[in-house]
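Visitor: Here you go, start.txt (compact mmCIF, N, CA, C and O atoms):
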# COMPACT_ATOMS: atom_id res chain seq x y z
N MET A 1 -9.01 -6.05 3.26
CA MET A 1 -9.07 -4.80 3.96
C MET A 1 -10.28 -4.85 4.91
O MET A 1 -11.31 -5.38 4.57
N SER A 2 -10.10 -4.28 6.05
CA SER A 2 -11.18 -4.32 7.03
C SER A 2 -12.41 -3.56 6.52
O SER A 2 -12.32 -2.66 5.70
N HIS A 3 -13.55 -3.96 7.03
CA HIS A 3 -14.82 -3.35 6.63
C HIS A 3 -14.80 -1.84 6.88
O HIS A 3 -15.30 -1.05 6.07
N LYS A 4 -14.22 -1.43 7.96
CA LYS A 4 -14.17 -0.01 8.32
C LYS A 4 -13.38 0.78 7.28
O LYS A 4 -13.74 1.89 6.92
N MET A 5 -12.30 0.21 6.80
CA MET A 5 -11.47 0.89 5.82
C MET A 5 -12.18 1.04 4.48
O MET A 5 -11.95 2.00 3.75
N GLN A 6 -13.04 0.13 4.13
CA GLN A 6 -13.76 0.20 2.86
C GLN A 6 -14.66 1.43 2.80
O GLN A 6 -15.01 1.88 1.72
N GLN A 7 -15.01 1.97 3.94
CA GLN A 7 -15.88 3.13 4.00
C GLN A 7 -15.11 4.44 3.88
O GLN A 7 -15.71 5.50 3.70
N GLU A 8 -13.79 4.38 3.97
CA GLU A 8 -12.95 5.58 3.91
C GLU A 8 -12.73 6.01 2.46
O GLU A 8 -12.94 5.23 1.53
N ASP A 9 -12.25 7.24 2.27
CA ASP A 9 -11.98 7.69 0.91
C ASP A 9 -10.70 7.02 0.38
O ASP A 9 -9.97 6.38 1.12
N GLU A 10 -10.47 7.17 -0.89
CA GLU A 10 -9.37 6.46 -1.55
C GLU A 10 -8.00 6.80 -0.97
O GLU A 10 -7.16 5.93 -0.81
N THR A 11 -7.78 8.04 -0.61
CA THR A 11 -6.50 8.46 -0.05
C THR A 11 -6.19 7.68 1.23
O THR A 11 -5.08 7.18 1.41
N VAL A 12 -7.16 7.57 2.09
CA VAL A 12 -6.99 6.85 3.35
C VAL A 12 -6.79 5.36 3.09
O VAL A 12 -5.92 4.73 3.69
N ARG A 13 -7.55 4.78 2.17
CA ARG A 13 -7.42 3.34 1.86
C ARG A 13 -6.04 3.01 1.30
O ARG A 13 -5.43 2.01 1.70
N LYS A 14 -5.54 3.83 0.40
CA LYS A 14 -4.22 3.56 -0.20
C LYS A 14 -3.12 3.69 0.84
O LYS A 14 -2.19 2.89 0.89
N PHE A 15 -3.21 4.69 1.69
CA PHE A 15 -2.21 4.85 2.75
C PHE A 15 -2.27 3.67 3.72
O PHE A 15 -1.24 3.16 4.15
N TYR A 16 -3.46 3.22 4.04
CA TYR A 16 -3.64 2.06 4.92
C TYR A 16 -2.99 0.83 4.31
O TYR A 16 -2.27 0.10 4.99
N GLN A 17 -3.24 0.60 3.01
CA GLN A 17 -2.66 -0.56 2.35
C GLN A 17 -1.13 -0.50 2.37
O GLN A 17 -0.47 -1.49 2.66
N LEU A 18 -0.59 0.66 2.06
CA LEU A 18 0.86 0.81 2.05
C LEU A 18 1.44 0.60 3.44
O LEU A 18 2.44 -0.10 3.61
N THR A 19 0.80 1.16 4.44
CA THR A 19 1.26 1.00 5.83
C THR A 19 1.19 -0.46 6.26
O THR A 19 2.08 -0.95 6.95
N LEU A 20 0.15 -1.17 5.84
CA LEU A 20 0.01 -2.58 6.16
C LEU A 20 1.16 -3.40 5.57
O LEU A 20 1.73 -4.25 6.25
N TYR A 21 1.50 -3.13 4.31
CA TYR A 21 2.63 -3.83 3.69
C TYR A 21 3.93 -3.55 4.43
O TYR A 21 4.73 -4.45 4.67
N LYS A 22 4.14 -2.29 4.79
CA LYS A 22 5.37 -1.92 5.50
C LYS A 22 5.45 -2.61 6.86
O LYS A 22 6.50 -3.10 7.25
N ALA A 23 4.34 -2.65 7.57
CA ALA A 23 4.31 -3.28 8.89
C ALA A 23 4.58 -4.78 8.80
O ALA A 23 5.35 -5.33 9.59
N LYS A 24 3.96 -5.43 7.82
CA LYS A 24 4.19 -6.87 7.66
C LYS A 24 5.65 -7.16 7.30
O LYS A 24 6.23 -8.11 7.80
N ASP A 25 6.21 -6.32 6.46
CA ASP A 25 7.61 -6.49 6.07
C ASP A 25 8.53 -6.35 7.29
O ASP A 25 9.41 -7.17 7.51
N LYS A 26 8.31 -5.32 8.07
CA LYS A 26 9.15 -5.09 9.25
C LYS A 26 8.99 -6.18 10.31
O LYS A 26 9.89 -6.44 11.07
N ALA A 27 7.82 -6.80 10.36
CA ALA A 27 7.55 -7.86 11.33
C ALA A 27 7.91 -9.24 10.77
O ALA A 27 7.62 -10.25 11.41
N TYR A 28 8.51 -9.25 9.59
CA TYR A 28 8.90 -10.50 8.93
C TYR A 28 7.72 -11.45 8.73
O TYR A 28 7.87 -12.66 8.78
N GLN A 29 6.55 -10.87 8.52
CA GLN A 29 5.37 -11.68 8.24
C GLN A 29 5.28 -11.91 6.74
O GLN A 29 5.63 -11.02 5.96
N PRO A 30 4.82 -13.07 6.35
CA PRO A 30 4.71 -13.33 4.91
C PRO A 30 3.67 -12.41 4.28
O PRO A 30 2.63 -12.12 4.87
N ILE A 31 4.01 -11.92 3.11
CA ILE A 31 3.09 -11.09 2.35
C ILE A 31 2.68 -11.90 1.13
O ILE A 31 3.51 -12.24 0.30
N LYS A 32 1.40 -12.21 1.06
CA LYS A 32 0.94 -13.00 -0.07
C LYS A 32 1.11 -12.19 -1.35
O LYS A 32 1.18 -10.97 -1.32
N ASN A 33 1.19 -12.89 -2.45
CA ASN A 33 1.35 -12.22 -3.73
C ASN A 33 0.06 -11.50 -4.08
O ASN A 33 -0.82 -12.04 -4.71
N ASP A 34 -0.06 -10.28 -3.62
CA ASP A 34 -1.28 -9.50 -3.71
C ASP A 34 -1.07 -8.35 -4.68
O ASP A 34 -0.19 -7.52 -4.48
N SER A 35 -1.88 -8.30 -5.70
CA SER A 35 -1.71 -7.28 -6.72
C SER A 35 -2.15 -5.89 -6.25
O SER A 35 -1.94 -4.91 -6.96
N SER A 36 -2.72 -5.78 -5.07
CA SER A 36 -3.18 -4.47 -4.61
C SER A 36 -2.03 -3.48 -4.41
O SER A 36 -2.24 -2.27 -4.51
N ILE A 37 -0.81 -3.97 -4.17
CA ILE A 37 0.32 -3.04 -4.04
C ILE A 37 0.54 -2.31 -5.35
O ILE A 37 0.97 -1.16 -5.37
N PHE A 38 0.20 -2.93 -6.47
CA PHE A 38 0.37 -2.28 -7.76
C PHE A 38 -0.67 -1.17 -7.95
O PHE A 38 -0.38 -0.16 -8.59
N SER A 39 -1.85 -1.33 -7.39
CA SER A 39 -2.83 -0.24 -7.45
C SER A 39 -2.40 0.91 -6.54
O SER A 39 -2.64 2.08 -6.85
N VAL A 40 -1.74 0.57 -5.42
CA VAL A 40 -1.20 1.60 -4.54
C VAL A 40 -0.11 2.37 -5.29
O VAL A 40 -0.08 3.60 -5.26
N TYR A 41 0.75 1.64 -5.98
CA TYR A 41 1.80 2.27 -6.78
C TYR A 41 1.19 3.23 -7.82
O TYR A 41 1.62 4.38 -7.94
N SER A 42 0.20 2.76 -8.55
CA SER A 42 -0.43 3.58 -9.59
C SER A 42 -1.08 4.83 -8.99
O SER A 42 -0.99 5.92 -9.56
N TYR A 43 -1.69 4.67 -7.84
CA TYR A 43 -2.34 5.79 -7.17
C TYR A 43 -1.31 6.88 -6.85
O TYR A 43 -1.51 8.05 -7.18
N TYR A 44 -0.21 6.50 -6.21
CA TYR A 44 0.79 7.50 -5.82
C TYR A 44 1.54 8.05 -7.02
O TYR A 44 1.94 9.21 -7.02
N LYS A 45 1.70 7.26 -8.07
CA LYS A 45 2.33 7.75 -9.29
C LYS A 45 1.45 8.82 -9.93
O LYS A 45 1.94 9.88 -10.33
N ASP A 46 0.16 8.54 -10.03
CA ASP A 46 -0.77 9.51 -10.62
C ASP A 46 -0.85 10.80 -9.81
O ASP A 46 -1.03 11.88 -10.37
N LYS A 47 -0.70 10.70 -8.49
CA LYS A 47 -0.75 11.87 -7.61
C LYS A 47 0.58 12.63 -7.59
O LYS A 47 0.64 13.74 -7.08
N GLY A 48 1.65 12.00 -8.09
CA GLY A 48 2.96 12.64 -8.05
C GLY A 48 3.57 12.66 -6.67
O GLY A 48 4.42 13.48 -6.36
N ASP A 49 3.16 11.73 -5.82
CA ASP A 49 3.65 11.65 -4.43
C ASP A 49 4.89 10.76 -4.40
O ASP A 49 4.81 9.55 -4.24
N GLU A 50 6.04 11.39 -4.57
CA GLU A 50 7.30 10.65 -4.68
C GLU A 50 7.65 9.86 -3.43
O GLU A 50 8.19 8.76 -3.51
N GLN A 51 7.38 10.41 -2.27
CA GLN A 51 7.72 9.74 -1.02
C GLN A 51 6.99 8.40 -0.89
O GLN A 51 7.60 7.37 -0.62
N HIS A 52 5.70 8.40 -1.08
CA HIS A 52 4.93 7.18 -0.96
C HIS A 52 5.13 6.26 -2.16
O HIS A 52 5.07 5.04 -2.04
N LEU A 53 5.39 6.86 -3.32
CA LEU A 53 5.64 6.07 -4.52
C LEU A 53 6.88 5.20 -4.35
O LEU A 53 6.88 4.02 -4.68
N GLU A 54 7.93 5.78 -3.78
CA GLU A 54 9.17 5.02 -3.56
C GLU A 54 8.91 3.82 -2.65
O GLU A 54 9.38 2.72 -2.89
N SER A 55 8.14 4.02 -1.61
CA SER A 55 7.82 2.93 -0.70
C SER A 55 6.99 1.86 -1.40
O SER A 55 7.21 0.66 -1.20
N ALA A 56 6.05 2.27 -2.23
CA ALA A 56 5.22 1.31 -2.97
C ALA A 56 6.07 0.50 -3.94
O ALA A 56 5.87 -0.70 -4.10
N VAL A 57 7.04 1.15 -4.56
CA VAL A 57 7.95 0.45 -5.49
C VAL A 57 8.73 -0.61 -4.73
O VAL A 57 8.83 -1.76 -5.17
N LEU A 58 9.27 -0.24 -3.58
CA LEU A 58 10.06 -1.19 -2.79
C LEU A 58 9.22 -2.38 -2.37
O LEU A 58 9.66 -3.53 -2.45
N HIS A 59 8.01 -2.14 -1.95
CA HIS A 59 7.16 -3.24 -1.49
C HIS A 59 6.59 -4.04 -2.66
O HIS A 59 6.35 -5.22 -2.53
N GLY A 60 6.42 -3.41 -3.79
CA GLY A 60 6.03 -4.14 -4.99
C GLY A 60 7.13 -5.09 -5.45
O GLY A 60 6.88 -6.19 -5.90
N THR A 61 8.37 -4.65 -5.27
CA THR A 61 9.52 -5.49 -5.62
C THR A 61 9.60 -6.70 -4.71
O THR A 61 9.94 -7.80 -5.17
N ILE A 62 9.25 -6.56 -3.46
CA ILE A 62 9.26 -7.68 -2.52
C ILE A 62 8.31 -8.78 -2.99
O ILE A 62 8.59 -9.96 -2.86
N LEU A 63 7.19 -8.37 -3.56
CA LEU A 63 6.18 -9.35 -3.98
C LEU A 63 6.52 -10.04 -5.28
O LEU A 63 6.01 -11.11 -5.57
N CYS A 64 7.38 -9.43 -6.08
CA CYS A 64 7.70 -10.01 -7.40
C CYS A 64 8.64 -11.20 -7.29
O CYS A 64 9.36 -11.39 -6.41
With the file now loaded, output its structure as structure tokens.

Guide:
Amino acid sequence: MSHKMQQEDETVRKFYQLTLYKAKDKAYQPIKNDSSIFSVYSYYKDKGDEQHLESAVLHGTILC
């Protein structure tokens, strides 16, 4: 994650990570087996954010 993003609050960081995974997927770029998508999943699950949780699940499945 970029240095600038590390200074943001958790909500912004998790959304950034999820958006990054989505962008790489759409651009057919390889996504390394990165466990951070699972922390994104846990974050949105704990918040009850179904919309973002569904996206995290889909991108977590891509990595498995």

Visitor: Could you jot down the atom N of Phe15 in chain A to atom N of Asp46 in chain A separation for me, Å, one decimal place?

Guide: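 Interatomic distance, atom N of Phe15 in chain A to atom N of Asp46 in chain A: 12.8 Å.
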
Visitor: One decimal, in Å: what's the spacing between atom O of Lys24 in chain A and atom C of Glu54 in chain A?

Guide: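 Result for atom O of Lys24 in chain A versus atom C of Glu54 in chain A: 16.1 Å, one decimal.
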
Visitor: Separation of atom O of Glu50 in chain A and CA of His3 in chain A, in Å?

Guide: 27.9 Å

Visitor: Extract, using only C-alpha atoms, all DNA, RNA and protein residues at most 12 Å from Lys45 in chain A, discarding same-chain residues fewer than 6 positions from it, and format them as a list in words.

Guide: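 So, after excluding close chain neighbours, the residues are Lys14, Phe38, Ser39, Gln51, His52, Leu53, Glu54, Ser55, Ala56 and Val57 of chain A.
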
Visitor: Can you list every residue in chain A that DSSP puts in alpha helix (DSSP H), as JSON, numbers by chain?

Guide: {"A": [3, 4, 5, 6, 10, 11, 12, 13, 14, 15, 16, 17, 18, 19, 20, 21, 22, 23, 24, 25, 26, 36, 37, 38, 39, 40, 41, 42, 43, 44, 45, 46, 47, 50, 51, 52, 53, 54, 55, 56, 57, 58, 59, 60, 61, 62, 63]}

Visitor: Padding 6 Å on every side, please: axis-aligned box over the listed atoms of range 2-18 of chain A, centre and edge lengths to one decimal in Å, as AutoDock Vina command-line options.

Guide:
--center_x -6.7 --center_y 2.1 --center_z 3.4 --size_x 30.3 --size_y 24.8 --size_z 21.9

Visitor: Could you rebuild range 18-29 of chain A with all heavy atoms and give me the result as a PDB file, in the frame of the given file?

Guide:
ATOM      1  N   LEU A  18      -0.590   0.660   2.060  1.00  0.00           N
ATOM      2  CA  LEU A  18       0.860   0.810   2.050  1.00  0.00           C
ATOM      3  C   LEU A  18       1.440   0.600   3.440  1.00  0.00           C
ATOM      4  O   LEU A  18       2.440  -0.100   3.610  1.00  0.00           O
ATOM      5  CB  LEU A  18       1.235   2.197   1.517  1.00  0.00           C
ATOM      6  CG  LEU A  18       2.718   2.483   1.373  1.00  0.00           C
ATOM      7  CD1 LEU A  18       3.397   1.470   0.459  1.00  0.00           C
ATOM      8  CD2 LEU A  18       2.925   3.896   0.851  1.00  0.00           C
ATOM      9  N   THR A  19       0.800   1.160   4.440  1.00  0.00           N
ATOM     10  CA  THR A  19       1.260   1.000   5.830  1.00  0.00           C
ATOM     11  C   THR A  19       1.190  -0.460   6.260  1.00  0.00           C
ATOM     12  O   THR A  19       2.080  -0.950   6.950  1.00  0.00           O
ATOM     13  CB  THR A  19       0.430   1.890   6.767  1.00  0.00           C
ATOM     14  OG1 THR A  19       0.541   3.244   6.329  1.00  0.00           O
ATOM     15  CG2 THR A  19       0.911   1.784   8.199  1.00  0.00           C
ATOM     16  N   LEU A  20       0.150  -1.170   5.840  1.00  0.00           N
ATOM     17  CA  LEU A  20       0.010  -2.580   6.160  1.00  0.00           C
ATOM     18  C   LEU A  20       1.160  -3.400   5.570  1.00  0.00           C
ATOM     19  O   LEU A  20       1.730  -4.250   6.250  1.00  0.00           O
ATOM     20  CB  LEU A  20      -1.338  -3.087   5.666  1.00  0.00           C
ATOM     21  CG  LEU A  20      -1.719  -4.514   6.028  1.00  0.00           C
ATOM     22  CD1 LEU A  20      -1.820  -4.683   7.539  1.00  0.00           C
ATOM     23  CD2 LEU A  20      -3.038  -4.872   5.368  1.00  0.00           C
ATOM     24  N   TYR A  21       1.500  -3.130   4.310  1.00  0.00           N
ATOM     25  CA  TYR A  21       2.630  -3.830   3.690  1.00  0.00           C
ATOM     26  C   TYR A  21       3.930  -3.550   4.430  1.00  0.00           C
ATOM     27  O   TYR A  21       4.730  -4.450   4.670  1.00  0.00           O
ATOM     28  CB  TYR A  21       2.782  -3.417   2.224  1.00  0.00           C
ATOM     29  CG  TYR A  21       1.800  -4.070   1.315  1.00  0.00           C
ATOM     30  CD1 TYR A  21       0.812  -3.336   0.683  1.00  0.00           C
ATOM     31  CD2 TYR A  21       1.857  -5.436   1.058  1.00  0.00           C
ATOM     32  CE1 TYR A  21      -0.103  -3.931  -0.160  1.00  0.00           C
ATOM     33  CE2 TYR A  21       0.944  -6.049   0.224  1.00  0.00           C
ATOM     34  CZ  TYR A  21      -0.033  -5.291  -0.385  1.00  0.00           C
ATOM     35  OH  TYR A  21      -0.932  -5.888  -1.213  1.00  0.00           O
ATOM     36  N   LYS A  22       4.140  -2.290   4.790  1.00  0.00           N
ATOM     37  CA  LYS A  22       5.370  -1.920   5.500  1.00  0.00           C
ATOM     38  C   LYS A  22       5.450  -2.610   6.860  1.00  0.00           C
ATOM     39  O   LYS A  22       6.500  -3.100   7.250  1.00  0.00           O
ATOM     40  CB  LYS A  22       5.430  -0.406   5.667  1.00  0.00           C
ATOM     41  CG  LYS A  22       5.645   0.323   4.354  1.00  0.00           C
ATOM     42  CD  LYS A  22       5.369   1.793   4.463  1.00  0.00           C
ATOM     43  CE  LYS A  22       6.498   2.564   5.066  1.00  0.00           C
ATOM     44  NZ  LYS A  22       6.294   4.029   4.995  1.00  0.00           N
ATOM     45  N   ALA A  23       4.340  -2.650   7.570  1.00  0.00           N
ATOM     46  CA  ALA A  23       4.310  -3.280   8.890  1.00  0.00           C
ATOM     47  C   ALA A  23       4.580  -4.780   8.800  1.00  0.00           C
ATOM     48  O   ALA A  23       5.350  -5.330   9.590  1.00  0.00           O
ATOM     49  CB  ALA A  23       2.973  -3.028   9.568  1.00  0.00           C
ATOM     50  N   LYS A  24       3.960  -5.430   7.820  1.00  0.00           N
ATOM     51  CA  LYS A  24       4.190  -6.870   7.660  1.00  0.00           C
ATOM     52  C   LYS A  24       5.650  -7.160   7.300  1.00  0.00           C
ATOM     53  O   LYS A  24       6.230  -8.110   7.800  1.00  0.00           O
ATOM     54  CB  LYS A  24       3.264  -7.435   6.583  1.00  0.00           C
ATOM     55  CG  LYS A  24       1.847  -7.593   7.041  1.00  0.00           C
ATOM     56  CD  LYS A  24       0.998  -8.238   5.968  1.00  0.00           C
ATOM     57  CE  LYS A  24      -0.399  -8.514   6.471  1.00  0.00           C
ATOM     58  NZ  LYS A  24      -1.218  -9.213   5.482  1.00  0.00           N
ATOM     59  N   ASP A  25       6.210  -6.320   6.460  1.00  0.00           N
ATOM     60  CA  ASP A  25       7.610  -6.490   6.070  1.00  0.00           C
ATOM     61  C   ASP A  25       8.530  -6.350   7.290  1.00  0.00           C
ATOM     62  O   ASP A  25       9.410  -7.170   7.510  1.00  0.00           O
ATOM     63  CB  ASP A  25       7.976  -5.486   4.985  1.00  0.00           C
ATOM     64  CG  ASP A  25       9.408  -5.632   4.521  1.00  0.00           C
ATOM     65  OD1 ASP A  25       9.847  -6.773   4.255  1.00  0.00           O
ATOM     66  OD2 ASP A  25      10.090  -4.598   4.402  1.00  0.00           O
ATOM     67  N   LYS A  26       8.310  -5.320   8.070  1.00  0.00           N
ATOM     68  CA  LYS A  26       9.150  -5.090   9.250  1.00  0.00           C
ATOM     69  C   LYS A  26       8.990  -6.180  10.310  1.00  0.00           C
ATOM     70  O   LYS A  26       9.890  -6.440  11.070  1.00  0.00           O
ATOM     71  CB  LYS A  26       8.863  -3.721   9.841  1.00  0.00           C
ATOM     72  CG  LYS A  26       9.364  -2.599   8.958  1.00  0.00           C
ATOM     73  CD  LYS A  26       9.459  -1.323   9.726  1.00  0.00           C
ATOM     74  CE  LYS A  26       9.988  -0.219   8.853  1.00  0.00           C
ATOM     75  NZ  LYS A  26      11.396  -0.326   8.563  1.00  0.00           N
ATOM     76  N   ALA A  27       7.820  -6.800  10.360  1.00  0.00           N
ATOM     77  CA  ALA A  27       7.550  -7.860  11.330  1.00  0.00           C
ATOM     78  C   ALA A  27       7.910  -9.240  10.770  1.00  0.00           C
ATOM     79  O   ALA A  27       7.620 -10.250  11.410  1.00  0.00           O
ATOM     80  CB  ALA A  27       6.083  -7.828  11.743  1.00  0.00           C
ATOM     81  N   TYR A  28       8.510  -9.250   9.590  1.00  0.00           N
ATOM     82  CA  TYR A  28       8.900 -10.500   8.930  1.00  0.00           C
ATOM     83  C   TYR A  28       7.720 -11.450   8.730  1.00  0.00           C
ATOM     84  O   TYR A  28       7.870 -12.660   8.780  1.00  0.00           O
ATOM     85  CB  TYR A  28      10.033 -11.206   9.687  1.00  0.00           C
ATOM     86  CG  TYR A  28      11.262 -10.358   9.830  1.00  0.00           C
ATOM     87  CD1 TYR A  28      11.566  -9.744  11.039  1.00  0.00           C
ATOM     88  CD2 TYR A  28      12.107 -10.147   8.749  1.00  0.00           C
ATOM     89  CE1 TYR A  28      12.693  -8.941  11.172  1.00  0.00           C
ATOM     90  CE2 TYR A  28      13.226  -9.347   8.876  1.00  0.00           C
ATOM     91  CZ  TYR A  28      13.518  -8.745  10.086  1.00  0.00           C
ATOM     92  OH  TYR A  28      14.626  -7.952  10.212  1.00  0.00           O
ATOM     93  N   GLN A  29       6.550 -10.870   8.520  1.00  0.00           N
ATOM     94  CA  GLN A  29       5.370 -11.680   8.240  1.00  0.00           C
ATOM     95  C   GLN A  29       5.280 -11.910   6.740  1.00  0.00           C
ATOM     96  O   GLN A  29       5.630 -11.020   5.960  1.00  0.00           O
ATOM     97  CB  GLN A  29       4.101 -10.980   8.710  1.00  0.00           C
ATOM     98  CG  GLN A  29       3.981 -10.890  10.202  1.00  0.00           C
ATOM     99  CD  GLN A  29       2.663 -10.254  10.612  1.00  0.00           C
ATOM    100  OE1 GLN A  29       1.881  -9.809   9.791  1.00  0.00           O
ATOM    101  NE2 GLN A  29       2.442 -10.182  11.907  1.00  0.00           N
TER     102      GLN A  29
END
